[in-house]
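Coordinates as given in final03.cif (mmCIF, C-alpha atoms):
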data_input
#
loop_
_atom_site.label_atom_id
_atom_site.label_comp_id
_atom_site.auth_asym_id
_atom_site.auth_seq_id
_atom_site.Cartn_x
_atom_site.Cartn_y
_atom_site.Cartn_z
CA MET A 1 0.00 0.00 0.00
CA ALA A 2 1.18 3.51 -0.79
CA THR A 3 1.82 5.65 2.29
CA PRO A 4 2.01 9.45 2.47
CA SER A 5 5.71 9.24 3.34
CA MET A 6 6.39 7.12 0.24
CA VAL A 7 4.64 9.72 -1.92
CA GLU A 8 6.70 12.45 -0.27
CA GLU A 9 9.86 10.48 -0.91
CA ILE A 10 9.02 10.21 -4.60
CA LEU A 11 8.18 13.88 -4.93
CA LYS A 12 11.38 14.96 -3.17
CA HIS A 13 13.56 12.50 -5.07
CA GLN A 14 16.12 14.03 -7.44
CA HIS A 15 14.68 11.83 -10.21
CA ALA A 16 11.04 12.51 -9.29
CA GLU A 17 10.00 13.27 -12.87
CA LYS A 18 11.57 10.06 -14.18
CA ILE A 19 9.99 7.95 -11.42
CA ILE A 20 6.54 9.40 -12.11
CA GLU A 21 7.02 8.74 -15.83
CA GLU A 22 7.94 5.12 -15.13
CA LEU A 23 4.95 4.73 -12.80
CA LEU A 24 2.71 6.20 -15.51
CA ASP A 25 4.07 3.70 -18.03
CA ILE A 26 3.22 0.84 -15.68
CA ALA A 27 -0.40 2.08 -15.61
CA LEU A 28 -0.47 2.51 -19.38
CA THR A 29 1.07 -0.82 -20.35
CA THR A 30 -0.13 -3.29 -17.75
CA LEU A 31 -2.11 -6.24 -19.05
CA ASN A 32 -3.97 -6.27 -15.74
CA ALA A 33 -5.96 -3.10 -16.45
CA VAL A 34 -9.01 -5.05 -15.31
CA ASN A 35 -7.71 -4.58 -11.75
CA ILE A 36 -7.80 -0.80 -12.12
CA ASP A 37 -10.98 0.93 -11.01
CA PRO A 38 -12.11 3.00 -14.04
CA ARG A 39 -12.87 5.93 -11.72
CA ASP A 40 -9.21 5.94 -10.68
CA GLY A 41 -8.21 5.68 -14.34
CA GLU A 42 -10.39 8.68 -15.22
CA GLN A 43 -8.86 10.67 -12.39
CA LEU A 44 -5.39 9.74 -13.58
CA ALA A 45 -6.28 10.87 -17.13
CA ASP A 46 -7.43 14.22 -15.68
CA TYR A 47 -4.15 14.70 -13.82
CA PHE A 48 -2.18 13.78 -16.95
CA ILE A 49 -4.12 16.06 -19.27
CA ASN A 50 -3.93 18.95 -16.80
CA LYS A 51 -0.19 18.37 -16.41
CA SER A 52 -0.54 17.90 -12.68
CA LEU A 53 0.88 14.42 -12.23
CA ASN A 54 3.55 15.77 -9.94
CA ASN A 55 1.36 16.55 -6.96
CA HIS A 56 0.74 14.51 -3.82
CA GLU A 57 -2.75 13.27 -4.76
CA ALA A 58 -1.74 12.29 -8.29
CA VAL A 59 1.32 10.30 -7.20
CA SER A 60 -0.71 8.63 -4.47
CA LEU A 61 -3.32 7.63 -7.08
CA LEU A 62 -0.64 6.43 -9.48
CA LEU A 63 0.81 4.19 -6.77
CA LYS A 64 -2.66 2.87 -5.91
CA ILE A 65 -3.28 2.01 -9.56
CA ASP A 66 0.14 0.46 -10.14
CA LEU A 67 0.09 -1.60 -6.95
CA ALA A 68 -3.35 -2.95 -7.88
CA ALA A 69 -2.25 -3.93 -11.38
CA GLU A 70 1.49 -4.67 -11.12
CA PRO A 71 2.58 -4.93 -7.48
CA ASP A 72 5.94 -6.61 -8.21
CA LYS A 73 6.85 -4.32 -11.09
CA THR A 74 5.91 -1.25 -9.04
CA ARG A 75 7.98 -2.35 -6.05
CA LYS A 76 10.91 -3.10 -8.36
CA THR A 77 10.67 0.34 -9.96
CA LEU A 78 10.58 2.04 -6.58
CA LYS A 79 13.42 -0.13 -5.31
CA ASN A 80 15.56 0.98 -8.25
CA TYR A 81 15.30 4.48 -6.83
CA GLY A 82 15.68 3.37 -3.22
CA ILE A 83 11.99 3.89 -2.32
CA ALA A 84 10.77 0.32 -1.92
CA ARG A 85 10.76 -0.13 1.82
CA GLU A 86 7.06 0.31 2.53
CA ALA A 87 5.40 -0.64 -0.74
CA MET B 88 0.18 14.70 -46.21
CA LYS B 89 -1.92 13.62 -43.25
CA PHE B 90 -0.44 11.46 -40.51
CA SER B 91 -2.99 9.87 -38.20
CA ILE B 92 -3.16 7.31 -35.45
CA GLU B 93 -5.58 4.43 -35.05
CA LEU B 94 -6.54 3.82 -31.44
CA PRO B 95 -8.46 0.57 -31.16
CA PRO B 96 -10.59 0.78 -28.02
CA LYS B 97 -9.23 -2.43 -26.55
CA ASP B 98 -7.80 -0.28 -23.78
CA PRO B 99 -9.92 1.34 -21.07
CA LEU B 100 -11.30 4.73 -22.08
CA TRP B 101 -9.10 6.57 -19.58
CA ARG B 102 -6.04 5.25 -21.43
CA LEU B 103 -7.57 6.32 -24.74
CA LYS B 104 -7.98 9.81 -23.30
CA ILE B 105 -4.34 9.97 -22.26
CA TYR B 106 -3.15 8.75 -25.66
CA SER B 107 -5.52 11.10 -27.50
CA SER B 108 -4.22 14.05 -25.57
CA ILE B 109 -0.62 13.05 -26.46
CA ILE B 110 -1.52 12.50 -30.13
CA GLU B 111 -3.13 15.92 -30.49
CA LYS B 112 -0.30 17.71 -28.69
CA LEU B 113 2.28 16.04 -30.92
CA GLY B 114 0.48 17.37 -34.00
CA PHE B 115 -1.07 14.36 -35.74
CA SER B 116 -4.03 15.07 -38.03
CA ALA B 117 -6.61 12.53 -36.92
CA ILE B 118 -7.47 9.70 -34.58
CA TRP B 119 -9.27 6.68 -36.00
CA THR B 120 -11.08 4.28 -33.72
CA SER B 121 -11.94 0.74 -34.73
CA GLU B 122 -15.06 -1.31 -34.21
CA HIS B 123 -14.96 -4.87 -32.88
CA TYR B 124 -17.87 -6.15 -30.83
CA TYR B 125 -15.46 -7.59 -28.25
CA ASN B 126 -13.76 -4.22 -27.69
CA ARG B 127 -15.31 -1.02 -26.41
CA SER B 128 -17.71 0.83 -28.71
CA SER B 129 -15.93 3.00 -31.28
CA ALA B 130 -18.67 5.65 -31.20
CA VAL B 131 -18.54 6.00 -27.41
CA SER B 132 -14.75 6.07 -27.60
CA CYS B 133 -15.02 9.01 -30.00
CA VAL B 134 -16.96 10.94 -27.36
CA ALA B 135 -14.14 10.28 -24.88
CA ILE B 136 -11.52 11.38 -27.44
CA GLY B 137 -13.45 14.58 -28.13
CA GLN B 138 -13.63 15.40 -24.43
CA VAL B 139 -9.86 15.74 -24.15
CA THR B 140 -9.00 17.24 -27.54
CA SER B 141 -9.94 20.45 -29.32
CA ARG B 142 -8.57 20.33 -32.84
CA ILE B 143 -7.85 16.84 -34.07
CA GLN B 144 -10.16 15.06 -36.53
CA ILE B 145 -12.12 12.24 -34.84
CA CYS B 146 -12.83 9.34 -37.15
CA VAL B 147 -15.37 6.65 -36.32
CA GLY B 148 -14.22 3.44 -37.87
CA ILE B 149 -14.94 1.04 -39.35
CA LEU B 150 -18.65 0.35 -39.09
CA ASN B 151 -20.25 -2.27 -41.31
CA PRO B 152 -23.88 -2.41 -42.42
CA TYR B 153 -24.25 -6.06 -41.40
CA MET B 154 -23.84 -5.14 -37.74
CA VAL B 155 -25.19 -1.58 -37.75
CA HIS B 156 -27.99 -0.35 -39.98
CA PRO B 157 -26.82 2.51 -42.24
CA ALA B 158 -29.47 4.79 -40.71
CA LEU B 159 -27.89 4.19 -37.30
CA ILE B 160 -24.42 4.83 -38.72
CA ALA B 161 -25.77 8.18 -39.96
CA GLN B 162 -27.31 8.83 -36.55
CA ILE B 163 -23.98 8.12 -34.80
CA ALA B 164 -22.03 10.43 -37.14
CA ALA B 165 -24.60 13.23 -36.91
CA THR B 166 -24.78 13.00 -33.11
CA LEU B 167 -21.01 13.17 -32.81
CA SER B 168 -20.94 16.14 -35.19
CA GLU B 169 -23.28 17.97 -32.82
CA MET B 170 -20.66 17.56 -30.07
CA TYR B 171 -17.60 18.16 -32.26
CA PRO B 172 -18.74 20.09 -35.38
CA GLY B 173 -16.49 19.79 -38.39
CA ARG B 174 -14.22 17.26 -36.69
CA ILE B 175 -16.00 13.99 -37.47
CA SER B 176 -15.28 11.51 -40.25
CA ILE B 177 -16.88 8.14 -40.68
CA GLY B 178 -15.43 4.92 -42.05
CA VAL B 179 -17.53 2.08 -43.43
CA GLY B 180 -16.63 -1.30 -44.84
CA ALA B 181 -17.89 -4.79 -45.46
CA GLY B 182 -16.71 -6.08 -42.08
CA ASP B 183 -14.58 -9.08 -41.32
CA LYS B 184 -16.15 -12.20 -42.82
CA LEU B 185 -14.98 -14.55 -40.06
CA THR B 186 -16.16 -12.28 -37.26
CA LEU B 187 -19.55 -11.88 -38.92
CA GLU B 188 -19.86 -15.64 -39.36
CA ASN B 189 -19.03 -16.20 -35.70
CA LEU B 190 -22.00 -13.97 -34.91
CA GLY B 191 -24.24 -15.89 -37.28
CA ILE B 192 -24.29 -13.12 -39.89
CA GLN B 193 -23.68 -13.85 -43.57
CA GLN B 194 -21.67 -11.29 -45.49
CA ARG B 195 -23.91 -11.25 -48.57
CA GLU B 196 -23.12 -8.96 -51.54
CA PRO B 197 -20.56 -6.81 -49.71
CA LEU B 198 -20.00 -4.45 -52.61
CA LYS B 199 -23.69 -3.72 -53.07
CA LYS B 200 -24.21 -3.39 -49.33
CA VAL B 201 -21.37 -0.88 -48.89
CA GLU B 202 -22.53 1.16 -51.89
CA GLU B 203 -26.05 1.26 -50.49
CA THR B 204 -24.65 2.32 -47.09
CA VAL B 205 -22.66 5.23 -48.49
CA ASN B 206 -25.67 6.42 -50.48
CA ILE B 207 -27.88 6.28 -47.39
CA LEU B 208 -25.27 8.13 -45.34
CA LYS B 209 -24.93 10.86 -47.94
CA LYS B 210 -28.68 11.41 -48.05
CA LEU B 211 -29.36 11.32 -44.32
CA LEU B 212 -26.31 13.40 -43.37
CA SER B 213 -27.28 16.08 -45.86
CA GLY B 214 -30.72 16.35 -44.29
CA LYS B 215 -32.57 14.51 -47.05
CA ARG B 216 -35.16 11.80 -46.68
CA LEU B 217 -34.34 8.31 -47.77
CA ASN B 218 -37.98 7.63 -48.47
CA GLU B 219 -41.32 8.68 -47.05
CA PHE B 220 -40.44 7.33 -43.61
CA ILE B 221 -36.69 7.38 -43.14
CA ARG B 222 -34.94 10.62 -42.17
CA LEU B 223 -32.96 12.09 -39.29
CA ASP B 224 -34.96 14.48 -37.12
CA PHE B 225 -31.86 16.53 -36.42
CA ARG B 226 -29.08 17.98 -38.54
CA SER B 227 -25.40 17.14 -38.76
CA TRP B 228 -22.81 19.88 -38.21
CA GLY B 229 -19.98 20.46 -40.64
CA LYS B 230 -18.91 18.22 -43.47
CA ILE B 231 -18.61 14.57 -42.43
CA PRO B 232 -16.24 12.85 -44.88
CA ILE B 233 -17.18 9.24 -45.63
CA TYR B 234 -14.32 6.77 -46.06
CA ILE B 235 -14.52 3.22 -47.33
CA ALA B 236 -12.12 0.62 -45.97
CA ALA B 237 -11.17 -1.33 -49.06
CA GLN B 238 -8.91 -4.17 -50.05
CA GLY B 239 -10.24 -5.85 -53.17
CA GLN B 240 -10.15 -4.23 -56.60
CA ASN B 241 -13.90 -3.70 -56.84
CA MET B 242 -14.20 -2.16 -53.39
CA LEU B 243 -11.27 0.15 -54.16
CA LYS B 244 -13.00 1.28 -57.35
CA LEU B 245 -16.26 1.78 -55.51
CA ALA B 246 -14.50 3.94 -52.92
CA ALA B 247 -12.92 6.11 -55.63
CA ARG B 248 -16.29 6.48 -57.32
CA ILE B 249 -18.62 7.29 -54.43
CA ALA B 250 -16.72 8.05 -51.20
CA ASP B 251 -14.69 11.00 -49.92
CA GLY B 252 -11.74 8.79 -49.14
CA VAL B 253 -10.38 5.30 -48.98
CA LEU B 254 -8.51 3.46 -46.26
CA ILE B 255 -6.22 0.83 -47.74
CA ASN B 256 -4.81 -1.78 -45.38
CA PHE B 257 -1.07 -2.16 -45.88
CA THR B 258 -0.51 -5.77 -46.88
CA GLY B 259 2.99 -5.45 -48.29
CA LEU B 260 4.54 -2.79 -50.48
CA GLU B 261 3.64 -4.40 -53.80
CA ASN B 262 -0.01 -5.07 -52.89
CA THR B 263 -0.40 -1.56 -51.54
CA GLN B 264 1.13 -0.05 -54.67
CA LYS B 265 -1.38 -1.97 -56.79
CA ALA B 266 -4.28 -0.83 -54.62
CA VAL B 267 -3.19 2.82 -54.78
CA ALA B 268 -2.81 2.56 -58.57
CA THR B 269 -6.33 1.15 -58.88
CA VAL B 270 -7.74 4.06 -56.91
CA ARG B 271 -5.70 6.58 -58.93
CA ASP B 272 -6.86 5.13 -62.26
CA CYS B 273 -10.46 5.23 -61.16
CA LEU B 274 -10.17 8.81 -59.90
CA ASN B 275 -8.58 9.91 -63.17
CA ALA B 276 -11.25 8.14 -65.19
CA SER B 277 -14.02 9.86 -63.25
CA ASN B 278 -12.29 13.28 -63.39
CA LYS B 279 -12.54 13.60 -59.63
CA ALA B 280 -10.35 16.48 -58.42
CA ALA B 281 -7.47 15.51 -56.17
CA ASP B 282 -8.78 17.63 -53.30
CA GLN B 283 -12.14 15.87 -53.45
CA PHE B 284 -10.74 12.53 -52.38
CA SER B 285 -8.25 11.26 -49.84
CA THR B 286 -6.24 8.07 -50.40
CA GLU B 287 -4.88 6.89 -47.07
CA VAL B 288 -2.97 3.77 -46.09
CA THR B 289 -3.45 2.13 -42.71
CA VAL B 290 -0.26 0.44 -41.65
CA MET B 291 0.49 -1.59 -38.55
CA VAL B 292 3.54 -0.27 -36.75
CA SER B 293 5.63 -1.23 -33.79
CA VAL B 294 8.56 1.01 -32.98
CA SER B 295 11.04 0.83 -30.15
CA GLU B 296 14.74 1.40 -29.51
CA ASP B 297 14.72 -2.31 -28.63
CA ARG B 298 14.19 -3.99 -32.00
CA SER B 299 13.33 -7.44 -30.68
CA LYS B 300 10.68 -6.02 -28.35
CA ALA B 301 9.16 -4.09 -31.26
CA ILE B 302 8.95 -7.22 -33.41
CA LYS B 303 7.63 -9.40 -30.59
CA THR B 304 4.92 -6.87 -29.78
CA ILE B 305 3.51 -6.83 -33.30
CA MET B 306 3.55 -10.58 -33.95
CA PRO B 307 0.01 -11.31 -32.68
CA TYR B 308 -1.35 -8.43 -34.78
CA THR B 309 0.51 -9.76 -37.81
CA ALA B 310 -0.97 -13.22 -37.25
CA ILE B 311 -4.52 -11.87 -37.09
CA LEU B 312 -4.05 -9.78 -40.24
CA ALA B 313 -2.35 -12.63 -42.12
CA LEU B 314 -5.07 -15.14 -41.23
CA GLY B 315 -7.65 -12.62 -42.41
CA ILE B 316 -5.93 -12.23 -45.77
CA GLY B 317 -5.82 -15.97 -46.41
CA GLU B 318 -3.73 -19.08 -46.00
CA SER B 319 -2.02 -18.81 -49.37
CA HIS B 320 -0.39 -15.64 -48.10
CA LEU B 321 1.02 -17.54 -45.13
CA GLU B 322 2.36 -20.34 -47.32
CA GLN B 323 4.44 -17.75 -49.18
CA PHE B 324 6.31 -17.26 -45.94
CA GLY B 325 7.16 -20.91 -45.47
CA LEU B 326 4.36 -21.87 -43.10
CA ASP B 327 3.08 -25.37 -43.89
CA SER B 328 -0.53 -26.41 -43.26
CA ARG B 329 0.31 -27.94 -39.86
CA ARG B 330 1.85 -24.69 -38.61
CA ILE B 331 -0.98 -22.64 -40.09
CA GLU B 332 -3.51 -24.77 -38.17
CA LYS B 333 -1.48 -24.23 -34.99
CA LEU B 334 -1.33 -20.52 -35.67
CA LYS B 335 -5.10 -20.41 -36.16
CA TYR B 336 -5.67 -22.26 -32.91
CA PHE B 337 -3.28 -20.17 -30.83
CA THR B 338 -4.62 -16.93 -32.33
CA LYS B 339 -8.21 -17.99 -31.62
CA THR B 340 -7.37 -18.93 -28.04
CA GLY B 341 -5.20 -15.86 -27.50
CA ASN B 342 -2.05 -17.81 -26.71
CA TRP B 343 0.27 -15.04 -27.89
CA GLN B 344 3.42 -16.67 -26.55
CA GLU B 345 2.93 -19.57 -28.97
CA VAL B 346 1.90 -17.20 -31.77
CA GLN B 347 5.21 -15.41 -31.32
CA ASN B 348 7.03 -18.73 -31.75
CA ILE B 349 5.29 -19.45 -35.06
CA VAL B 350 5.12 -16.10 -36.88
CA PRO B 351 8.23 -15.66 -39.08
CA GLU B 352 9.90 -12.26 -39.03
CA ASP B 353 9.58 -12.04 -42.82
CA LEU B 354 5.81 -12.00 -42.39
CA VAL B 355 6.07 -9.22 -39.81
CA ASN B 356 8.17 -7.19 -42.25
CA ALA B 357 5.76 -7.83 -45.11
CA LEU B 358 2.62 -6.81 -43.25
CA SER B 359 3.88 -4.08 -40.97
CA ILE B 360 6.47 -1.39 -40.49
CA SER B 361 8.30 -2.42 -37.37
CA GLY B 362 11.67 -2.12 -35.72
CA THR B 363 13.90 0.65 -34.44
CA PRO B 364 13.03 4.30 -35.22
CA ILE B 365 15.65 4.33 -38.01
CA GLU B 366 14.21 1.18 -39.60
CA VAL B 367 10.66 2.49 -39.34
CA TYR B 368 11.74 5.78 -40.92
CA SER B 369 13.30 4.10 -43.95
CA ARG B 370 10.33 1.73 -44.42
CA LEU B 371 7.92 4.64 -44.13
CA MET B 372 9.83 6.54 -46.82
CA GLU B 373 9.18 3.62 -49.21
CA LEU B 374 5.47 3.96 -48.52
CA LEU B 375 5.53 7.73 -48.93
CA ARG B 376 6.89 7.43 -52.45
CA MET B 377 3.39 6.35 -53.46
CA PRO B 378 0.85 8.98 -54.53
CA ILE B 379 -1.13 8.93 -51.30
CA ASP B 380 -2.66 11.64 -49.14
CA GLY B 381 -2.16 10.13 -45.74
CA VAL B 382 -0.90 7.37 -43.50
CA VAL B 383 -2.78 5.98 -40.54
CA PHE B 384 -0.46 4.28 -38.05
CA GLY B 385 -2.26 1.38 -36.42
CA GLY B 386 -1.53 -1.80 -34.56
CA PRO B 387 0.21 -1.84 -31.23
CA LEU B 388 2.41 1.19 -32.15
CA GLY B 389 5.11 -0.30 -29.94
CA PRO B 390 5.79 -2.11 -26.67
CA ASN B 391 5.29 1.23 -24.95
CA PRO B 392 2.66 3.16 -26.97
CA ARG B 393 3.43 6.45 -25.20
CA LYS B 394 7.08 6.30 -26.25
CA ALA B 395 6.13 4.89 -29.66
CA LEU B 396 3.94 7.93 -30.36
CA ALA B 397 6.88 10.23 -29.65
CA HIS B 398 9.10 8.15 -31.96
CA LEU B 399 6.48 8.22 -34.71
CA TRP B 400 6.11 11.98 -34.46
CA ASP B 401 9.90 12.38 -34.67
CA ILE B 402 9.91 10.19 -37.78
CA VAL B 403 7.06 12.14 -39.36
CA SER B 404 8.69 15.48 -38.49
CA ARG B 405 11.94 14.35 -40.08
CA HIS B 406 10.02 13.56 -43.25
CA MET B 407 8.19 16.89 -43.24
CA SER B 408 11.36 18.92 -42.70
#
Rendering of file as structure tokens:
Amino acid sequence: MATPSMVEEILKHQHAEKIIEELLDIALTTLNAVNIDPRDGEQLADYFINKSLNNHEAVSLLLKIDLAAEPDKTRKTLKNYGIAREA
Amino acid sequence: MKFSIELPPKDPLWRLKIYSSIIEKLGFSAIWTSEHYYNRSSAVSCVAIGQVTSRIQICVGILNPYMVHPALIAQIAATLSEMYPGRISIGVGAGDKLTLENLGIQQREPLKKVEETVNILKKLLSGKRLNEFIRLDFRSWGKIPIYIAAQGQNMLKLAARIADGVLINFTGLENTQKAVATVRDCLNASNKAADQFSTEVTVMVSVSEDRSKAIKTIMPYTAILALGIGESHLEQFGLDSRRIEKLKYFTKTGNWQEVQNIVPEDLVNALSISGTPIEVYSRLMELLRMPIDGVVFGGPLGPNPRKALAHLWDIVSRHMS
């Protein structure tokens, strides 16, 4: 589960933009889209279109979506940036 | 030259919205949807696309009169034009024979049926009555170009004669050249002005910096297209009847891992434009030597469609500059 501190860690990370991009790609390419609540997907699309993926709520949503669809891949991605402890 | 993207609504609509927003921002001309009963509705997808874009042409494709009555196709196009005036195009075709058969529908007289459909669309979308009873009780907004998806010689000729454009499926350079020539000859014979008709080629693409990933990603799409064209086409690529049967089975059951083991790379190269950005660029240049008005990039686009769209736009920009 995504925690507020994990979201903070991502946002403060020197590669925050890259991490968010990789998390977005997990949401866009997963074959387990059936596990993603369409309401969350719609919200994510709104954040993307309004260029506001780099705020607390958006990253929290992105983690929720990714962990529901690709828990291992998400943890691995975070681990690559040293953020995997709580996921 | 128009460069467009086909977004088959196999993905959830929120993904379609994200991709549509990227496609418009990059500068592509149009987004085509596709209609398969097992995917999301193309017409509803067009509404979603319109919600997040403001300029790009939204093309409802490809509806066939065996599944949807032409009056309803007109209704869909006119309704969408009310939401997005001047931005709607509609594509019609004879449908996929196998899919229709699976649904218990016989594809009788496809040529006649498509001709009838285009004539009905033209009448209803221009506010005319079809007969005493059939009309739309509301108007359409802006010109709604009607495209025919065509493969065979007669359908290509029909498109050149009665439609505003044709969508030719890329099935190899030579086949596509022949199809384009047929359309050209027919247009010349009917004295149709070049700006009255758009000849566009739909080509499956898969682009990635990682060549093997690009090829692997497009293999299932290639198998589906190849099986649709016919077995003789597959035999040309060294697939014997036993392997063709296997391919049919694995494609039908969606076992893509096995499909990837069977499909030869030659077939992928013949039916698609796939590989690294440099390879895709040089293959696309071969296609652009033909007298066409546009290219619609379809298929998976790449292992990562978001990155693939950026690659495609780079390729297109290189061509335009």
Using all atoms listed in the file, find which residues of chain A lie within 9 Å of chain B and jot them down as a compact mmCIF listing (two decimals) with C-alpha atoms, in the coordinates of the input.
# COMPACT_ATOMS: atom_id res chain seq x y z
CA ASP A 25 4.07 3.70 -18.03
CA ALA A 27 -0.40 2.08 -15.61
CA LEU A 28 -0.47 2.51 -19.38
CA THR A 29 1.07 -0.82 -20.35
CA ALA A 33 -5.96 -3.10 -16.45
CA VAL A 34 -9.01 -5.05 -15.31
CA PRO A 38 -12.11 3.00 -14.04
CA ARG A 39 -12.87 5.93 -11.72
CA ASP A 40 -9.21 5.94 -10.68
CA GLY A 41 -8.21 5.68 -14.34
CA GLU A 42 -10.39 8.68 -15.22
CA GLN A 43 -8.86 10.67 -12.39
CA LEU A 44 -5.39 9.74 -13.58
CA ALA A 45 -6.28 10.87 -17.13
CA ASP A 46 -7.43 14.22 -15.68
CA PHE A 48 -2.18 13.78 -16.95
CA ILE A 49 -4.12 16.06 -19.27
Long-range neighbours of B:Ala158 as a PDB file with C-alpha atoms, keeping the file's coordinate frame, 9 Å cut-off, all atoms listed in the file, 6 positions minimum in chain:
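Final output, saved to out.pdb:
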ATOM      1  CA  THR B 204     -24.650   2.320 -47.090  1.00  0.00           C
ATOM      2  CA  ILE B 207     -27.880   6.280 -47.390  1.00  0.00           C
ATOM      3  CA  LEU B 208     -25.270   8.130 -45.340  1.00  0.00           C
ATOM      4  CA  LEU B 211     -29.360  11.320 -44.320  1.00  0.00           C
ATOM      5  CA  ILE B 221     -36.690   7.380 -43.140  1.00  0.00           C
ATOM      6  CA  ARG B 222     -34.940  10.620 -42.170  1.00  0.00           C
ATOM      7  CA  LEU B 223     -32.960  12.090 -39.290  1.00  0.00           C
TER       8      LEU B 223
END
Checklist entry - Mind telling me what the PyMOL selection byres ((chain A and resi 59-62) around 12) catches here, as JSON, numbers by chain? => result {"A": [1, 2, 3, 4, 5, 6, 7, 8, 9, 10, 11, 12, 16, 17, 19, 20, 21, 22, 23, 24, 25, 26, 27, 28, 36, 37, 39, 40, 41, 42, 43, 44, 45, 46, 47, 48, 52, 53, 54, 55, 56, 57, 58, 63, 64, 65, 66, 67, 68, 69, 70, 71, 74, 87]}
Next on the checklist: Could you tell me, as a PyMOL selection string, exactly which residues end up selected when the PyMOL selection byres ((chain B and resi 241-253) around 9) is applied to this structure?
Outcome noted: chain B and resi 178+180+197-198+201-202+205-206+232-240+254-255+266-267+269-274+277+279+283-288
Next on the checklist: Neighbouring residues of B:Ala395 were defined as those with any atom within 9 Å, considering all atoms listed in the file; residues of the same chain fewer than 3 positions away were excluded. Please report them as number ranges by chain.
Outcome noted: B: 293-295, 364, 388-392, 398-400
Checklist entry - Applied to the shown file, which residues does the PyMOL selection byres ((chain B and resi 143-153) around 8) return, written as a PyMOL selection string? => result chain B and resi 111+115-122+129-130+133+136-137+140-142+154-157+160+164+174-182+187+192+194+200-201+204+236
Next on the checklist: Can you measure atom CA of B:Ile305 to atom CA of A:Arg75 for me? One decimal in Å is fine.
Outcome noted: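 Those two atoms sit 28.0 Å apart.
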Checklist entry - To one decimal place, how far is atom CA of B:Pro351 from atom CA of B:Ile302 in Å? => result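 Computed distance, atom CA of B:Pro351 to atom CA of B:Ile302, equals 10.2 Å.
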Checklist entry - By how many Å are atom CA of B:Glu169 and atom CA of B:Gly229 apart? => result 8.8 Å
Checklist outcome for this item: If you count only C-alpha atoms, the residue of B:Trp228, B:Ile92, B:Ala161, B:Leu185 closest to B:Gly317 turns out to be B:Leu185
Checklist entry - Which residue gives the smallest distance to B:Gln344 among B:Met306, B:Leu358, B:Leu212, B:Ile365, with only C-alpha atoms counted? => result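 With only C-alpha atoms as the atom set, the closest residue is B:Met306.
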Item to check | Counting all atoms listed in the file, the residue of B:Gly381, B:Thr258, B:Asn218, B:His123 that sits nearest B:Asp183 | outcome: B:His123
Next on the checklist: What's around B:Ser359 at 6 Å? Count all atoms listed in the file, leave out sequence neighbours fewer than 3 positions away in its own chain, and write the answer as JSON, numbers by chain.
Outcome noted: {"B": [291, 292, 355, 356]}
